[in-house]
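Below: the structure, in structure tokens.
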Amino acid sequence: MEPCLNFVYCKKSFAVVIESLFTQFLNCTPLTLAFVEVCKPASAKSSTMNQVHHLTLLDFPVEILLDILGHLDVHDLVRARRVCNDVRQVIDSSSELLYSMDLEYFNAIPVPSTPGSDCSIPALRKSLLQSEAAWQKAEYSERSPIAIPHPPNMHRWSCGVLGFPVEHLQQIIFFQPQLAAGHSNTTNLRQWNCQFGSVAAQRLAHYNFSAAEDLVILLVGARSGESHAYDVIFRSLSEDKVHPEAAFTSVKALDNEVDLELLNPRTLSSSIFGDYYGVLARNVNKANGGVADFLQIWNWKSKDTFQCLEVFHPARNTMNFSFLTSEKILVVNARELLLYSLVHSANALQLTAKFSLPALHSPFEYTCIGFSPIPSLAGTHNRLIALSMDISGGSLTKNPCFTTYVECNTLLELESTYMNRYGKASEDSPNLPWSSWGPNHTRSFEESSFDPCKHSVFGFRSASLVGDRNSKRPLCIRDFNPHRVVDFKAGNGTTWKQRLIEGSEILPSSSLFLEPLGSGLPYLETTTEEKFLSTDMTMDANRVTLLSFEVMSTIRMPHAGEQSFVEHELLQGFEVLDFE
């Protein structure tokens, strides 16, 4: 049958049939489209008017097929490639379609381009595939370490940017190691600061920042005579001024809620997720007596000043919180994980699900529980949540620390499981037992104590320095991507240096628990041959940044007749491992 190219179609009407067309196509149903010729060629006879032409899908020009395929999601594109060689060739001819499938397969978050870089789709796809191969092989280019002119204290990370207050807390200095152009192994250090003056410096209680949002948030104690506890100030990270997108220069925190004479800023923790900022104040004396934990959330870009306040009883021992999405918040106490939804109409948090933590033998208890920092580019992407739990009690000489990984989407799916089983959640409703969700949906690791160089997380990948923290240690890369695990088990692709870890593992201190820990997340593991000495680390899409240190020993020769001595100096700096 000769294909008919002499027809006129309306693109809008044509798009209407796409969904049903590919539903049949992906289900391998024979397809034929009938088009009525409404535009008669000049040489045609009048009898050809309204002639019906039958076309198969593959009779269309490649450009039209690509336009149709562009309406499919990634999962249907993958299915379409398996139907026949012709369709596979059409899809494989499009860098845009292949790049979208690669992003989904690797659960990759597109990284903002740098000035002067090639931003074409083929270049972005090539960069993504090269980076993924480098992670799998644990191959990186190491840049020469660069010293930090100030010793960091109270430091924080965001997208490879290190920030810490200096000079009696009158400014926050930010450092960002930047790779030199070309194939040089040198690193340039960008440095800038956020000034806030001596008056605000005296009252600075807490700070946080997000490189992705170009945002610095200062939590400053309110002036004497005010009814609120803190002023929350929104400033630009790149420029020393108020953030241009902030709805207000500052907002009030804990207004008429607490006893201002007994505030303890050391109990504050905070989190930034897109347009939202939250602060948890623990063990705060209430204005009307008693003690409570307060969680307050703001939309810092909203003119409606959306904010909500949740008060927790101190007996629950609330320890931390984290954003799962812009609409979901996870709160952890000494017994359970609590999932909340932001209810904009009521400016409130609504409890939607409760999950038990693994129960401990007496007299052991959880003393500190924290979440891994949220990647600033997380958006709506599925990702790993790392929950670090310190345990004390009994005759323990060192407090062991267990880190449990769970996927963000798993918790959101378990929310439906909870509601189907128990209905609407409340303070008095039961928890979903650990045995019903933990062992099959999580993976646990044990350390002797908390270590900042453990369990940096980005997407489905984590990085840790393994071994004694007082000596040089190799870097261990764990990939929890389920697509990669399935392909590895099926023998698809190159295994490189990776090994598959699945099934249960007996951890040294697992006897502390009444229930088995999680072993339901298989992963691929790669370890570097090189070893590193570091006090802290962070990772992003294609880079690990180590806060390294070196002890410099100098022999001092005093005046004649006095004994010489050795002077030790701690030198700190950045060490960048580039997986591009």
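By order of appearance in the structure tokens: chains A, B, ..., then residues from 1 within every chain, and ligands from 1 in the order shown.
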>> List as a list of chain:residue names the protein and nucleic acid residues near region 234-250 of chain A, meaning an atom at most 7 Å away when only C-alpha atoms are counted, but skip any in the same chain fewer than 2 places from it.
In response: A:Cys194, A:Gln195, A:Asp214, A:Leu215, A:Val216, A:Ile217, A:Leu218, A:Asp231, A:Val232, A:Lys252, A:Trp300, A:Lys301, A:Ser302, A:Lys303
Note to self: as a PyMOL selection string, please: the residues near region 274-290 of chain A (cut-off 7 Å, only C-alpha atoms, same-chain neighbours under 2 positions excluded).
What the structure shows: chain A and resi 213+256-259+262-263+267-272+292-301+314
Run DSSP on the backbone and grab whatever in region 84-243 of chain A lands in alpha helix (DSSP H); send it over as JSON, numbers by chain.
{"A": [85, 86, 87, 88, 89, 90, 91, 92, 95, 96, 97, 98, 99, 100, 101, 102, 103, 104, 105, 121, 122, 123, 124, 125, 126, 127, 128, 129, 130, 131, 132, 133, 134, 135, 136, 137, 197, 198, 199, 200, 201, 202, 203]}
Selection to disk with C-alpha atoms, as an mmCIF file, in the first residue's frame:
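Done, and the output landed in part_23.cif:
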data_model
loop_
_atom_site.group_PDB
_atom_site.id
_atom_site.type_symbol
_atom_site.label_atom_id
_atom_site.label_comp_id
_atom_site.auth_asym_id
_atom_site.auth_seq_id
_atom_site.Cartn_x
_atom_site.Cartn_y
_atom_site.Cartn_z
ATOM 1 C CA ASN A 85 12.826 -2.427 15.371
ATOM 2 C CA ASP A 86 11.250 0.384 13.342
ATOM 3 C CA VAL A 87 9.835 2.134 16.388
ATOM 4 C CA ARG A 88 13.062 1.551 18.307
ATOM 5 C CA GLN A 89 15.035 3.225 15.520
ATOM 6 C CA VAL A 90 12.685 6.216 15.513
ATOM 7 C CA ILE A 91 13.044 6.682 19.281
ATOM 8 C CA ASP A 92 16.804 6.143 19.207
ATOM 9 C CA SER A 95 18.380 12.797 21.611
ATOM 10 C CA GLU A 96 15.475 14.441 23.444
ATOM 11 C CA LEU A 97 13.600 11.157 23.934
ATOM 12 C CA LEU A 98 16.745 9.250 24.899
ATOM 13 C CA TYR A 99 17.761 11.966 27.376
ATOM 14 C CA SER A 100 14.325 11.904 29.015
ATOM 15 C CA MET A 101 14.594 8.115 29.399
ATOM 16 C CA ASP A 102 18.118 8.393 30.825
ATOM 17 C CA LEU A 103 16.995 10.980 33.377
ATOM 18 C CA GLU A 104 14.225 8.645 34.525
ATOM 19 C CA TYR A 105 16.436 5.540 34.529
ATOM 20 C CA ILE A 121 20.572 17.928 24.616
ATOM 21 C CA PRO A 122 23.253 15.648 23.082
ATOM 22 C CA ALA A 123 25.926 17.300 25.250
ATOM 23 C CA LEU A 124 23.806 17.031 28.409
ATOM 24 C CA ARG A 125 23.104 13.361 27.706
ATOM 25 C CA LYS A 126 26.772 12.619 27.071
ATOM 26 C CA SER A 127 27.718 14.341 30.322
ATOM 27 C CA LEU A 128 25.090 12.373 32.249
ATOM 28 C CA LEU A 129 26.241 9.013 30.878
ATOM 29 C CA GLN A 130 29.904 9.832 31.514
ATOM 30 C CA SER A 131 29.159 10.863 35.080
ATOM 31 C CA GLU A 132 27.125 7.727 35.793
ATOM 32 C CA ALA A 133 29.923 5.530 34.417
ATOM 33 C CA ALA A 134 32.441 7.369 36.599
ATOM 34 C CA TRP A 135 30.347 6.738 39.723
ATOM 35 C CA GLN A 136 29.957 3.062 38.843
ATOM 36 C CA LYS A 137 33.702 2.636 38.328
ATOM 37 C CA GLY A 197 25.960 44.131 61.695
ATOM 38 C CA SER A 198 27.004 44.071 65.330
ATOM 39 C CA VAL A 199 23.505 44.540 66.763
ATOM 40 C CA ALA A 200 21.996 41.589 64.897
ATOM 41 C CA ALA A 201 25.183 39.594 65.516
ATOM 42 C CA GLN A 202 24.665 39.810 69.251
ATOM 43 C CA ARG A 203 21.219 38.265 68.847
#
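Using only C-alpha atoms, the contacts of Glu139 (chain A) at a cut-off of 12 Å, with sequence neighbours closer than 2 positions omitted, comprise Gln130, Ser131, Glu132, Ala133, Ala134, Trp135, Gln136, Lys137, Ser141, Glu142, Leu475, Ile477, Trp496, Lys497, Gln498, Thr526, Thr527, Thr528, Glu529, Glu530, Asn542, Arg543, Val544, Leu577, Asp578, Phe579 and Glu580 of chain A.
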*asked:* Can you measure CA of Gly394 (chain A) to CA of Glu365 (chain A) for me? One decimal in Å is fine.
replied: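 Taking CA of Gly394 (chain A) as the start and CA of Glu365 (chain A) as the end point, the length is 9.4 Å.
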Proximity of region 346-453 of chain A to region 330-341 of chain A: per-residue shortest pair, 12 Å limit, only C-alpha atoms, as a Markdown table:
| residue | atom | partner | partner_atom | distance |
| --- | --- | --- | --- | --- |
| A:Ala346 | CA | A:Ser341 | CA | 11.4 |
| A:Asn347 | CA | A:Ser341 | CA | 10.7 |
| A:Ala348 | CA | A:Ser341 | CA | 8.4 |
| A:Leu349 | CA | A:Ser341 | CA | 5.6 |
| A:Gln350 | CA | A:Ser341 | CA | 5.1 |
| A:Leu351 | CA | A:Tyr340 | CA | 4.5 |
| A:Thr352 | CA | A:Tyr340 | CA | 5.5 |
| A:Ala353 | CA | A:Leu339 | CA | 5.1 |
| A:Lys354 | CA | A:Leu338 | CA | 4.7 |
| A:Phe355 | CA | A:Leu337 | CA | 5.0 |
| A:Ser356 | CA | A:Glu336 | CA | 4.4 |
| A:Leu357 | CA | A:Glu336 | CA | 5.1 |
| A:Pro358 | CA | A:Arg335 | CA | 8.3 |
| A:Ala359 | CA | A:Arg335 | CA | 8.0 |
| A:Leu360 | CA | A:Arg335 | CA | 9.8 |
| A:Phe364 | CA | A:Ala334 | CA | 11.3 |
| A:Glu365 | CA | A:Ala334 | CA | 7.7 |
| A:Tyr366 | CA | A:Ala334 | CA | 5.7 |
| A:Thr367 | CA | A:Ala334 | CA | 7.4 |
| A:Cys368 | CA | A:Ala334 | CA | 8.0 |
| A:Ile369 | CA | A:Val332 | CA | 7.3 |
| A:Gly370 | CA | A:Val332 | CA | 8.2 |
| A:Phe371 | CA | A:Val332 | CA | 9.0 |
| A:Ile385 | CA | A:Leu330 | CA | 10.4 |
| A:Leu387 | CA | A:Val332 | CA | 9.4 |
| A:Ser388 | CA | A:Val332 | CA | 10.9 |
| A:Met389 | CA | A:Ala334 | CA | 9.4 |
| A:Asp390 | CA | A:Ala334 | CA | 10.4 |
| A:Ile391 | CA | A:Ala334 | CA | 10.3 |
| A:Cys408 | CA | A:Leu330 | CA | 10.2 |
| A:Leu411 | CA | A:Leu339 | CA | 8.5 |
| A:Leu412 | CA | A:Leu339 | CA | 8.7 |
| A:Glu413 | CA | A:Leu339 | CA | 11.5 |
| A:Leu414 | CA | A:Leu339 | CA | 10.1 |
| A:Glu415 | CA | A:Leu339 | CA | 7.8 |
| A:Ser416 | CA | A:Leu339 | CA | 11.4 |
| A:Tyr418 | CA | A:Leu339 | CA | 10.6 |
| A:Met419 | CA | A:Leu339 | CA | 11.7 |
| A:Lys424 | CA | A:Tyr340 | CA | 11.9 |
| A:Ala425 | CA | A:Leu339 | CA | 9.5 |
| A:Ser426 | CA | A:Leu338 | CA | 10.2 |
| A:Glu427 | CA | A:Leu338 | CA | 9.9 |
| A:Ser429 | CA | A:Leu338 | CA | 11.6 |
| A:Pro430 | CA | A:Glu336 | CA | 10.6 |
| A:Asn431 | CA | A:Glu336 | CA | 7.7 |
| A:Leu432 | CA | A:Glu336 | CA | 9.4 |
| A:Pro433 | CA | A:Glu336 | CA | 9.5 |
| A:Trp434 | CA | A:Glu336 | CA | 9.2 |
| A:Trp437 | CA | A:Leu337 | CA | 11.9 |
| A:Gly438 | CA | A:Leu337 | CA | 11.5 |
